[in-house]
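Novice: I am sharing run-v7.cif, which consists of mmCIF, C-alpha atoms:
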```cif
data_structure
loop_
_atom_site.group_PDB
_atom_site.id
_atom_site.type_symbol
_atom_site.label_atom_id
_atom_site.label_comp_id
_atom_site.auth_asym_id
_atom_site.auth_seq_id
_atom_site.Cartn_x
_atom_site.Cartn_y
_atom_site.Cartn_z
ATOM 1 C CA MET A 4 114.997 56.381 101.185
ATOM 2 C CA GLU A 5 117.812 58.314 102.837
ATOM 3 C CA ARG A 6 116.086 61.622 102.031
ATOM 4 C CA VAL A 7 112.846 60.468 103.666
ATOM 5 C CA ASN A 8 114.693 59.547 106.849
ATOM 6 C CA GLN A 9 116.428 62.924 106.928
ATOM 7 C CA THR A 10 113.190 64.811 106.432
ATOM 8 C CA SER A 11 111.307 62.823 109.055
ATOM 9 C CA SER A 12 114.050 63.538 111.643
ATOM 10 C CA VAL A 13 112.581 67.045 111.989
ATOM 11 C CA SER A 14 109.081 66.491 113.327
ATOM 12 C CA GLU A 15 108.766 69.947 114.905
ATOM 13 C CA PHE A 16 110.267 73.411 114.867
ATOM 14 C CA ILE A 17 111.086 75.818 117.676
ATOM 15 C CA LEU A 18 109.838 79.377 117.198
ATOM 16 C CA LEU A 19 112.162 81.670 119.166
ATOM 17 C CA GLY A 20 109.614 84.495 118.999
ATOM 18 C CA LEU A 21 110.254 88.155 119.650
ATOM 19 C CA SER A 22 112.280 87.744 122.830
ATOM 20 C CA SER A 23 113.965 84.900 124.706
ATOM 21 C CA ARG A 24 113.995 86.724 128.063
ATOM 22 C CA PRO A 25 111.474 85.233 130.546
ATOM 23 C CA GLU A 26 110.578 88.649 131.980
ATOM 24 C CA ASP A 27 109.392 89.828 128.542
ATOM 25 C CA GLN A 28 106.889 87.024 127.938
ATOM 26 C CA LYS A 29 103.948 88.225 130.044
ATOM 27 C CA PRO A 30 104.115 91.873 128.893
ATOM 28 C CA LEU A 31 104.310 90.679 125.278
ATOM 29 C CA PHE A 32 101.380 88.340 125.881
ATOM 30 C CA SER A 33 99.274 91.213 127.271
ATOM 31 C CA LEU A 34 100.260 93.513 124.400
ATOM 32 C CA PHE A 35 99.438 91.079 121.600
ATOM 33 C CA LEU A 36 96.271 89.825 123.295
ATOM 34 C CA THR A 37 95.065 93.444 123.399
ATOM 35 C CA ILE A 38 96.030 93.960 119.743
ATOM 36 C CA TYR A 39 94.220 90.755 118.765
ATOM 37 C CA LEU A 40 91.003 91.655 120.612
ATOM 38 C CA VAL A 41 91.023 95.179 119.163
ATOM 39 C CA THR A 42 91.581 93.747 115.667
ATOM 40 C CA ILE A 43 88.719 91.257 115.921
ATOM 41 C CA THR A 44 86.328 93.806 117.473
ATOM 42 C CA GLY A 45 87.190 96.608 115.034
ATOM 43 C CA ASN A 46 86.876 94.496 111.901
ATOM 44 C CA LEU A 47 83.663 92.828 113.107
ATOM 45 C CA LEU A 48 82.141 96.263 113.735
ATOM 46 C CA ILE A 49 83.088 97.334 110.210
ATOM 47 C CA ILE A 50 81.419 94.225 108.748
ATOM 48 C CA LEU A 51 78.265 94.597 110.863
ATOM 49 C CA ALA A 52 77.982 98.332 110.142
ATOM 50 C CA ILE A 53 78.226 97.777 106.381
ATOM 51 C CA ARG A 54 75.806 94.846 106.359
ATOM 52 C CA SER A 55 73.195 96.673 108.460
ATOM 53 C CA ASP A 56 73.208 100.067 106.684
ATOM 54 C CA PRO A 57 71.441 100.264 103.280
ATOM 55 C CA GLN A 58 73.450 103.382 102.386
ATOM 56 C CA LEU A 59 76.673 101.355 102.527
ATOM 57 C CA GLN A 60 75.596 98.745 99.968
ATOM 58 C CA THR A 61 78.060 99.943 97.329
ATOM 59 C CA PRO A 62 81.037 98.192 95.676
ATOM 60 C CA MET A 63 83.589 100.065 97.821
ATOM 61 C CA TYR A 64 82.050 98.817 101.061
ATOM 62 C CA PHE A 65 81.418 95.370 99.553
ATOM 63 C CA PHE A 66 85.182 95.051 99.057
ATOM 64 C CA LEU A 67 85.868 96.542 102.492
ATOM 65 C CA THR A 68 83.684 93.830 104.074
ATOM 66 C CA PHE A 69 85.856 91.118 102.539
ATOM 67 C CA LEU A 70 89.045 92.990 103.471
ATOM 68 C CA SER A 71 87.913 93.121 107.118
ATOM 69 C CA PHE A 72 86.966 89.436 107.093
ATOM 70 C CA THR A 73 90.356 88.531 105.578
ATOM 71 C CA ASP A 74 92.122 90.635 108.217
ATOM 72 C CA ILE A 75 90.316 88.703 110.967
ATOM 73 C CA CYS A 76 91.399 85.379 109.458
ATOM 74 C CA PHE A 77 94.936 86.654 108.774
ATOM 75 C CA THR A 78 95.471 87.806 112.350
ATOM 76 C CA THR A 79 93.925 84.612 113.750
ATOM 77 C CA THR A 80 96.470 82.582 111.777
ATOM 78 C CA ILE A 81 99.336 84.346 113.562
ATOM 79 C CA VAL A 82 98.521 85.896 116.949
ATOM 80 C CA PRO A 83 96.964 82.926 118.861
ATOM 81 C CA ARG A 84 100.107 80.899 118.071
ATOM 82 C CA MET A 85 102.232 83.787 119.375
ATOM 83 C CA LEU A 86 100.180 83.936 122.595
ATOM 84 C CA VAL A 87 100.736 80.219 123.211
ATOM 85 C CA ASN A 88 104.480 80.667 122.651
ATOM 86 C CA PHE A 89 104.677 83.542 125.132
ATOM 87 C CA LEU A 90 103.268 81.499 128.025
ATOM 88 C CA SER A 91 104.226 77.890 127.283
ATOM 89 C CA HIS A 92 106.204 75.773 124.839
ATOM 90 C CA LYS A 93 107.615 77.398 121.732
ATOM 91 C CA THR A 94 107.422 74.286 119.572
ATOM 92 C CA ILE A 95 105.215 73.815 116.522
ATOM 93 C CA SER A 96 104.809 70.598 114.555
ATOM 94 C CA TYR A 97 106.184 70.256 111.038
ATOM 95 C CA ALA A 98 102.641 69.985 109.617
ATOM 96 C CA GLY A 99 101.435 72.854 111.807
ATOM 97 C CA CYS A 100 104.281 75.068 110.608
ATOM 98 C CA LEU A 101 103.563 74.410 106.927
ATOM 99 C CA THR A 102 99.833 74.944 107.539
ATOM 100 C CA GLN A 103 100.469 78.301 109.201
ATOM 101 C CA MET A 104 102.782 79.347 106.366
ATOM 102 C CA TYR A 105 100.174 78.353 103.781
ATOM 103 C CA PHE A 106 97.463 80.531 105.338
ATOM 104 C CA ILE A 107 99.840 83.444 105.977
ATOM 105 C CA TYR A 108 100.707 83.636 102.290
ATOM 106 C CA ALA A 109 97.178 82.880 101.076
ATOM 107 C CA LEU A 110 95.479 85.478 103.297
ATOM 108 C CA GLY A 111 98.267 88.072 103.074
ATOM 109 C CA ASN A 112 98.142 88.016 99.276
ATOM 110 C CA THR A 113 94.339 88.072 99.362
ATOM 111 C CA ASP A 114 94.661 91.347 101.278
ATOM 112 C CA SER A 115 97.025 92.589 98.570
ATOM 113 C CA CYS A 116 94.645 91.688 95.730
ATOM 114 C CA LEU A 117 91.658 93.217 97.514
ATOM 115 C CA LEU A 118 93.560 96.479 97.979
ATOM 116 C CA ALA A 119 94.218 96.483 94.218
ATOM 117 C CA VAL A 120 90.528 95.870 93.497
ATOM 118 C CA MET A 121 89.572 98.713 95.845
ATOM 119 C CA ALA A 122 91.994 101.032 94.044
ATOM 120 C CA PHE A 123 90.377 100.091 90.718
ATOM 121 C CA ASP A 124 86.971 100.849 92.243
ATOM 122 C CA ARG A 125 88.128 104.354 93.237
ATOM 123 C CA TYR A 126 89.657 104.847 89.786
ATOM 124 C CA VAL A 127 86.350 104.064 88.053
ATOM 125 C CA ALA A 128 84.353 106.180 90.537
ATOM 126 C CA ILE A 129 86.511 109.271 89.972
ATOM 127 C CA CYS A 130 87.696 108.899 86.368
ATOM 128 C CA ASP A 131 84.575 107.363 84.805
ATOM 129 C CA PRO A 132 81.644 108.168 87.136
ATOM 130 C CA PHE A 133 78.944 107.979 84.434
ATOM 131 C CA HIS A 134 79.725 104.315 83.732
ATOM 132 C CA TYR A 135 80.492 103.388 87.358
ATOM 133 C CA VAL A 136 77.263 101.440 87.963
ATOM 134 C CA THR A 137 77.713 99.479 84.741
ATOM 135 C CA ILE A 138 81.415 98.706 85.194
ATOM 136 C CA MET A 139 81.188 97.906 88.914
ATOM 137 C CA SER A 140 78.107 95.705 88.706
ATOM 138 C CA HIS A 141 77.442 93.263 91.545
ATOM 139 C CA HIS A 142 78.278 90.303 89.298
ATOM 140 C CA ARG A 143 81.639 91.823 88.351
ATOM 141 C CA CYS A 144 82.408 92.686 91.983
ATOM 142 C CA VAL A 145 81.767 89.068 93.016
ATOM 143 C CA LEU A 146 84.080 87.842 90.247
ATOM 144 C CA MET A 147 86.848 90.223 91.342
ATOM 145 C CA VAL A 148 86.562 89.065 94.952
ATOM 146 C CA ALA A 149 86.567 85.409 93.858
ATOM 147 C CA PHE A 150 89.717 85.999 91.784
ATOM 148 C CA SER A 151 91.351 87.913 94.647
ATOM 149 C CA CYS A 152 90.766 84.942 96.966
ATOM 150 C CA SER A 153 91.537 82.017 94.622
ATOM 151 C CA LEU A 154 94.808 83.196 93.023
ATOM 152 C CA PRO A 155 96.623 83.733 96.367
ATOM 153 C CA HIS A 156 95.631 80.248 97.525
ATOM 154 C CA LEU A 157 97.179 78.730 94.385
ATOM 155 C CA HIS A 158 100.307 80.842 94.948
ATOM 156 C CA SER A 159 100.538 79.711 98.565
ATOM 157 C CA LEU A 160 99.953 76.058 97.662
ATOM 158 C CA LEU A 161 102.829 76.186 95.178
ATOM 159 C CA HIS A 162 105.337 77.484 97.740
ATOM 160 C CA THR A 163 104.099 75.122 100.459
ATOM 161 C CA LEU A 164 104.509 72.076 98.196
ATOM 162 C CA LEU A 165 107.988 73.203 97.124
ATOM 163 C CA LEU A 166 109.013 73.750 100.744
ATOM 164 C CA ASN A 167 107.753 70.286 101.635
ATOM 165 C CA GLN A 168 110.302 68.854 99.191
ATOM 166 C CA LEU A 169 113.241 70.271 101.161
ATOM 167 C CA THR A 170 115.316 68.284 103.641
ATOM 168 C CA PHE A 171 115.576 69.486 107.238
ATOM 169 C CA CYS A 172 118.254 67.501 109.021
ATOM 170 C CA ASP A 173 120.228 69.919 111.197
ATOM 171 C CA SER A 174 118.789 72.774 113.261
ATOM 172 C CA ASN A 175 115.040 73.093 113.804
ATOM 173 C CA ILE A 176 115.220 76.524 115.464
ATOM 174 C CA ILE A 177 113.345 79.269 113.581
ATOM 175 C CA HIS A 178 114.565 82.761 114.443
ATOM 176 C CA HIS A 179 111.119 84.229 114.017
ATOM 177 C CA PHE A 180 107.696 84.413 115.690
ATOM 178 C CA LEU A 181 105.937 82.668 112.777
ATOM 179 C CA CYS A 182 106.609 80.094 110.077
ATOM 180 C CA ASP A 183 107.803 82.188 107.156
ATOM 181 C CA LEU A 184 109.339 80.996 103.920
ATOM 182 C CA SER A 185 112.742 82.673 104.181
ATOM 183 C CA PRO A 186 113.672 81.499 107.726
ATOM 184 C CA LEU A 187 112.518 77.957 106.879
ATOM 185 C CA MET A 188 114.615 77.827 103.704
ATOM 186 C CA LYS A 189 117.644 78.950 105.711
ATOM 187 C CA LEU A 190 117.240 75.810 107.873
ATOM 188 C CA SER A 191 117.243 73.438 104.904
ATOM 189 C CA CYS A 192 120.306 71.258 104.331
ATOM 190 C CA SER A 193 119.285 70.579 100.727
ATOM 191 C CA SER A 194 119.417 72.924 97.756
ATOM 192 C CA THR A 195 116.861 75.754 97.815
ATOM 193 C CA PHE A 196 117.701 76.953 94.303
ATOM 194 C CA VAL A 197 114.307 76.019 92.843
ATOM 195 C CA ASN A 198 112.460 77.530 95.830
ATOM 196 C CA GLU A 199 114.372 80.801 95.612
ATOM 197 C CA THR A 200 113.981 81.021 91.833
ATOM 198 C CA VAL A 201 110.226 80.472 92.031
ATOM 199 C CA MET A 202 109.969 82.943 94.927
ATOM 200 C CA ILE A 203 111.839 85.623 92.983
ATOM 201 C CA ILE A 204 109.966 85.147 89.682
ATOM 202 C CA GLU A 205 106.456 83.986 90.620
ATOM 203 C CA GLY A 206 106.451 85.490 94.115
ATOM 204 C CA SER A 207 107.554 88.899 92.894
ATOM 205 C CA PHE A 208 104.872 88.802 90.192
ATOM 206 C CA ILE A 209 102.136 88.038 92.734
ATOM 207 C CA LEU A 210 103.439 90.731 95.080
ATOM 208 C CA VAL A 211 104.337 93.489 92.639
ATOM 209 C CA THR A 212 101.442 93.189 90.136
ATOM 210 C CA PRO A 213 98.706 94.321 92.575
ATOM 211 C CA PHE A 214 100.961 97.168 93.703
ATOM 212 C CA LEU A 215 101.491 98.295 90.102
ATOM 213 C CA CYS A 216 97.718 98.190 89.542
ATOM 214 C CA ILE A 217 97.261 100.382 92.604
ATOM 215 C CA ALA A 218 99.983 102.793 91.476
ATOM 216 C CA PHE A 219 98.509 103.030 87.961
ATOM 217 C CA SER A 220 95.009 103.648 89.382
ATOM 218 C CA TYR A 221 96.195 106.461 91.643
ATOM 219 C CA ILE A 222 98.293 108.102 88.946
ATOM 220 C CA ARG A 223 95.157 108.258 86.791
ATOM 221 C CA ILE A 224 93.112 109.465 89.778
ATOM 222 C CA LEU A 225 95.660 112.195 90.562
ATOM 223 C CA THR A 226 95.638 113.340 86.942
ATOM 224 C CA ALA A 227 91.837 113.483 86.922
ATOM 225 C CA VAL A 228 91.588 115.280 90.281
ATOM 226 C CA LEU A 229 94.085 117.979 89.269
ATOM 227 C CA LYS A 230 91.780 118.841 86.372
ATOM 228 C CA ILE A 231 88.863 119.582 88.750
ATOM 229 C CA PRO A 232 88.521 123.397 88.857
ATOM 230 C CA SER A 233 87.131 123.837 92.378
ATOM 231 C CA ALA A 234 89.169 123.281 95.546
ATOM 232 C CA ALA A 235 86.119 121.719 97.247
ATOM 233 C CA GLY A 236 85.818 119.176 94.436
ATOM 234 C CA LYS A 237 89.477 118.258 94.772
ATOM 235 C CA ARG A 238 89.162 117.818 98.553
ATOM 236 C CA LYS A 239 86.110 115.580 98.132
ATOM 237 C CA ALA A 240 87.878 113.413 95.548
ATOM 238 C CA PHE A 241 91.012 113.078 97.676
ATOM 239 C CA SER A 242 88.968 112.309 100.815
ATOM 240 C CA THR A 243 87.482 109.208 99.173
ATOM 241 C CA CYS A 244 90.990 107.867 98.519
ATOM 242 C CA GLY A 245 92.943 109.081 101.548
ATOM 243 C CA SER A 246 92.191 106.133 103.828
ATOM 244 C CA HIS A 247 92.969 103.602 101.108
ATOM 245 C CA VAL A 248 96.304 105.257 100.292
ATOM 246 C CA THR A 249 97.239 105.169 103.992
ATOM 247 C CA VAL A 250 96.464 101.442 104.249
ATOM 248 C CA VAL A 251 98.353 100.657 101.021
ATOM 249 C CA THR A 252 101.441 102.581 102.179
ATOM 250 C CA LEU A 253 101.490 100.815 105.551
ATOM 251 C CA PHE A 254 100.901 97.358 104.066
ATOM 252 C CA TYR A 255 103.186 97.452 101.028
ATOM 253 C CA GLY A 256 105.961 99.467 102.658
ATOM 254 C CA SER A 257 106.536 96.764 105.268
ATOM 255 C CA ILE A 258 106.068 93.862 102.812
ATOM 256 C CA PHE A 259 108.589 95.216 100.302
ATOM 257 C CA TYR A 260 111.083 95.769 103.109
ATOM 258 C CA VAL A 261 110.809 92.112 104.165
ATOM 259 C CA TYR A 262 110.465 90.209 100.898
ATOM 260 C CA LEU A 263 112.341 92.139 98.226
ATOM 261 C CA GLN A 264 115.685 90.946 99.497
ATOM 262 C CA PRO A 265 117.700 87.712 99.198
ATOM 263 C CA VAL A 266 116.967 84.875 101.650
ATOM 264 C CA SER A 267 120.548 85.028 102.961
ATOM 265 C CA SER A 268 120.099 88.645 104.114
ATOM 266 C CA TYR A 269 116.956 87.898 106.153
ATOM 267 C CA THR A 270 117.694 88.830 109.788
ATOM 268 C CA VAL A 271 115.985 89.509 113.100
ATOM 269 C CA ARG A 272 115.736 93.192 112.109
ATOM 270 C CA ASP A 273 112.913 92.233 109.747
ATOM 271 C CA HIS A 274 110.667 91.158 112.651
ATOM 272 C CA MET A 275 109.268 94.644 113.208
ATOM 273 C CA ALA A 276 108.384 95.070 109.530
ATOM 274 C CA THR A 277 106.699 91.655 109.605
ATOM 275 C CA ILE A 278 104.648 92.689 112.647
ATOM 276 C CA VAL A 279 103.494 95.800 110.773
ATOM 277 C CA TYR A 280 101.932 93.970 107.816
ATOM 278 C CA THR A 281 100.779 90.838 109.661
ATOM 279 C CA VAL A 282 99.406 92.296 112.901
ATOM 280 C CA LEU A 283 99.363 96.101 113.082
ATOM 281 C CA SER A 284 97.877 96.791 109.638
ATOM 282 C CA SER A 285 94.913 94.495 110.374
ATOM 283 C CA MET A 286 94.337 96.308 113.673
ATOM 284 C CA LEU A 287 94.672 99.814 112.209
ATOM 285 C CA ASN A 288 92.557 99.284 109.076
ATOM 286 C CA PRO A 289 89.169 99.730 110.836
ATOM 287 C CA PHE A 290 90.371 102.957 112.477
ATOM 288 C CA ILE A 291 91.844 104.337 109.246
ATOM 289 C CA TYR A 292 88.727 103.603 107.186
ATOM 290 C CA SER A 293 86.226 104.748 109.819
ATOM 291 C CA LEU A 294 88.000 107.917 110.985
ATOM 292 C CA ARG A 295 88.409 109.213 107.417
ATOM 293 C CA ASN A 296 84.976 108.200 106.124
ATOM 294 C CA LYS A 297 81.808 110.078 107.152
ATOM 295 C CA ASP A 298 79.413 107.464 105.760
ATOM 296 C CA LEU A 299 81.124 104.630 107.621
ATOM 297 C CA LYS A 300 81.258 106.632 110.846
ATOM 298 C CA GLN A 301 77.536 107.276 110.515
ATOM 299 C CA GLY A 302 76.945 103.556 109.886
ATOM 300 C CA LEU A 303 78.925 102.666 113.021
ATOM 301 C CA ARG A 304 76.928 105.186 115.087
ATOM 302 C CA LYS A 305 73.682 103.650 113.791
ATOM 303 C CA LEU A 306 74.944 100.158 114.653
ATOM 304 C CA VAL A 307 75.984 101.125 118.192
ATOM 305 C CA GLY A 308 72.765 103.120 118.694
ATOM 306 C CA SER A 309 70.549 100.215 117.587
ATOM 307 C CA ARG A 310 72.370 97.850 119.966
ATOM 308 C CA LYS A 311 71.769 100.216 122.893
ATOM 309 C CA LEU A 312 68.042 100.390 122.150
ATOM 310 C CA GLN A 313 67.639 96.599 122.117
#
```
Just give me the structure of the file as structure tokens.

Specialist:
Amino acid sequence: MERVNQTSSVSEFILLGLSSRPEDQKPLFSLFLTIYLVTITGNLLIILAIRSDPQLQTPMYFFLTFLSFTDICFTTTIVPRMLVNFLSHKTISYAGCLTQMYFIYALGNTDSCLLAVMAFDRYVAICDPFHYVTIMSHHRCVLMVAFSCSLPHLHSLLHTLLLNQLTFCDSNIIHHFLCDLSPLMKLSCSSTFVNETVMIIEGSFILVTPFLCIAFSYIRILTAVLKIPSAAGKRKAFSTCGSHVTVVTLFYGSIFYVYLQPVSSYTVRDHMATIVYTVLSSMLNPFIYSLRNKDLKQGLRKLVGSRKLQ
């Protein structure tokens, strides 16, 4: 009974955000509102271009559609809450904080799994092109997307339920702009041993496994490409993977910096890395994929051209 009373004493948290100075709030609001609008517009254009162009009805663009949709949802989980904090109260309810954390982990890991699936798609296309249509059938693509979406939600549910078992009885100030697992565990006045153990073992598995799949795929791709005799053939093979490698580097580089460290060492310095994988990567993905992909650029031109004619 005592534990229930302690837990219920914290009914809300205070998100300190990126800056506590009043003069910074409006410029930050304008900056992140612009980023949010660009993210939504860019990813929606990618989805519409792929859905409207028959030439883009391939597994690679099928996965890219879901990646863009996930990026829209991922950013919407984070940025609107930040915008409210910039201009008004910085409080968030206990339930609202756990809900935000759930979707951050579910959607962020969905992004990670989809990037692994896209790497596998490129591996099959380059290393086994004669069996590509058979291996990457529509049925199998749907199953891979379903797995990429369902597993992260189970992972996120596990950590959310474990966090809900902790006692928060002292400070309710979160030194962050979102409800993340590490800052919340630092506020707990009960033991976080189980939470940290599960995060290290299960969390690392969920985070590192897709990355290892991506690394394995690109090692095999690199080996296959180096065997191509012509320079033009090598350039064409690398061009189909360049945008994906850029996105993977941006996404995983910032995630590993934030999460592959003990909870006790989590500091304000990690905010910028968190912004990279939660906000900036979702905004930059449409530009990276469209600028380095002739077929997608052509699809976007067709989409914009058809809208002008209507």

Novice: Here's the selection I'm unsure about, the PyMOL selection byres ((chain A and resi 97-111) around 9); applied to the file above, which residues does it give, as number ranges by chain?

Specialist: A: 13-16, 73-74, 76-78, 80-81, 95-96, 112-116, 152-160, 162-163, 166-167, 181-184, 280-281

Novice: From the options A:Lys305, A:Ser91, A:Ser246, A:Pro25, which residue's atoms come nearest to Phe290 (chain A), counting all atoms listed in the file?

Specialist: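 Counting all atoms listed in the file, the residue closest to Phe290 (chain A) is A:Ser246.
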
Novice: Please report the interatomic distance between CA of Met188 (chain A) and CA of Tyr262 (chain A) in Å with one decimal.

Specialist: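 Straight-line distance from CA of Met188 (chain A) to CA of Tyr262 (chain A) works out to 13.4 Å.
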
Novice: Find the residues with any atom within 12 Å of (104.1, 97.3, 102.8); use only C-alpha atoms and the coordinates as given in the file, and write the answer as a count of residues only.

Specialist: 34

Novice: Using only C-alpha atoms, which protein or nucleic acid residues come within 9 Å of region 37-48 of chain A? Drop anything in the same chain fewer than 4 positions from it, and give the result as a compact mmCIF listing (two decimals) with C-alpha atoms, in the frame of the given file.

Specialist:
```
# COMPACT_ATOMS: atom_id res chain seq x y z
CA PHE A 32 101.38 88.34 125.88
CA SER A 33 99.27 91.21 127.27
CA ALA A 52 77.98 98.33 110.14
CA ILE A 53 78.23 97.78 106.38
CA THR A 68 83.68 93.83 104.07
CA LEU A 70 89.04 92.99 103.47
CA SER A 71 87.91 93.12 107.12
CA PHE A 72 86.97 89.44 107.09
CA ASP A 74 92.12 90.64 108.22
CA ILE A 75 90.32 88.70 110.97
CA THR A 78 95.47 87.81 112.35
CA THR A 79 93.92 84.61 113.75
CA VAL A 82 98.52 85.90 116.95
CA PRO A 83 96.96 82.93 118.86
CA VAL A 282 99.41 92.30 112.90
CA LEU A 283 99.36 96.10 113.08
CA SER A 285 94.91 94.50 110.37
CA MET A 286 94.34 96.31 113.67
CA LEU A 287 94.67 99.81 112.21
CA ASN A 288 92.56 99.28 109.08
CA PRO A 289 89.17 99.73 110.84
CA PHE A 290 90.37 102.96 112.48
CA LEU A 303 78.92 102.67 113.02
CA LEU A 306 74.94 100.16 114.65
```

Novice: What is the distance between CA of Leu67 (chain A) and CA of Met121 (chain A), in Å to one decimal?

Specialist: 7.9 Å

Novice: Please identify all polymer residues within 12 Å of Ile224 (chain A), counting all atoms listed in the file, omitting same-chain residues fewer than 6 positions from it, and present them as a ChimeraX atom specification.

Specialist: /A:122-132,217-218,230-231,237,240-241,243-245,248

Novice: Here is a test: counting all atoms listed in the file, which residue of A:Phe89, A:Phe133, A:Phe180, A:Phe219 is nearest to Arg24 (chain A)?

Specialist: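 Ranking A:Phe89, A:Phe133, A:Phe180, A:Phe219 by distance to Arg24 (chain A), first place goes to A:Phe89.
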
Novice: To one decimal place in Å, what is the distance between CA of Lys300 (chain A) and CA of Leu59 (chain A)?

Specialist: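 Value for the CA of Lys300 (chain A)-CA of Leu59 (chain A) distance: 10.9 Å.
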
Novice: Which residue is closest to Pro186 (chain A)? Choose from A:Ile204, A:Ser174, A:His141, A:Arg238 and count all atoms listed in the file.

Specialist: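 Result for the nearest residue to Pro186 (chain A): A:Ser174.
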
Novice: Which one is closest to Leu215 (chain A): A:Leu161, A:Val197, A:Ala119, A:Ala149? Count only C-alpha atoms.

Specialist: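 Under the stated criterion, the closest residue is A:Ala119.
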
Novice: Kindly indicate which residue among A:Ser193, A:Ser220, A:Asn296, A:Ser23 lies nearest to Ser242 (chain A), using all atoms listed in the file for the distances.

Specialist: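 Looking only at the distances to Ser242 (chain A), the closest residue turns out to be A:Asn296.
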
Novice: Using all atoms listed in the file, find the one residue out of A:Lys189, A:Thr61, A:Gly302, A:Ala227 that sits nearest to Val136 (chain A).

Specialist: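 The closest residue to Val136 (chain A) is A:Thr61.
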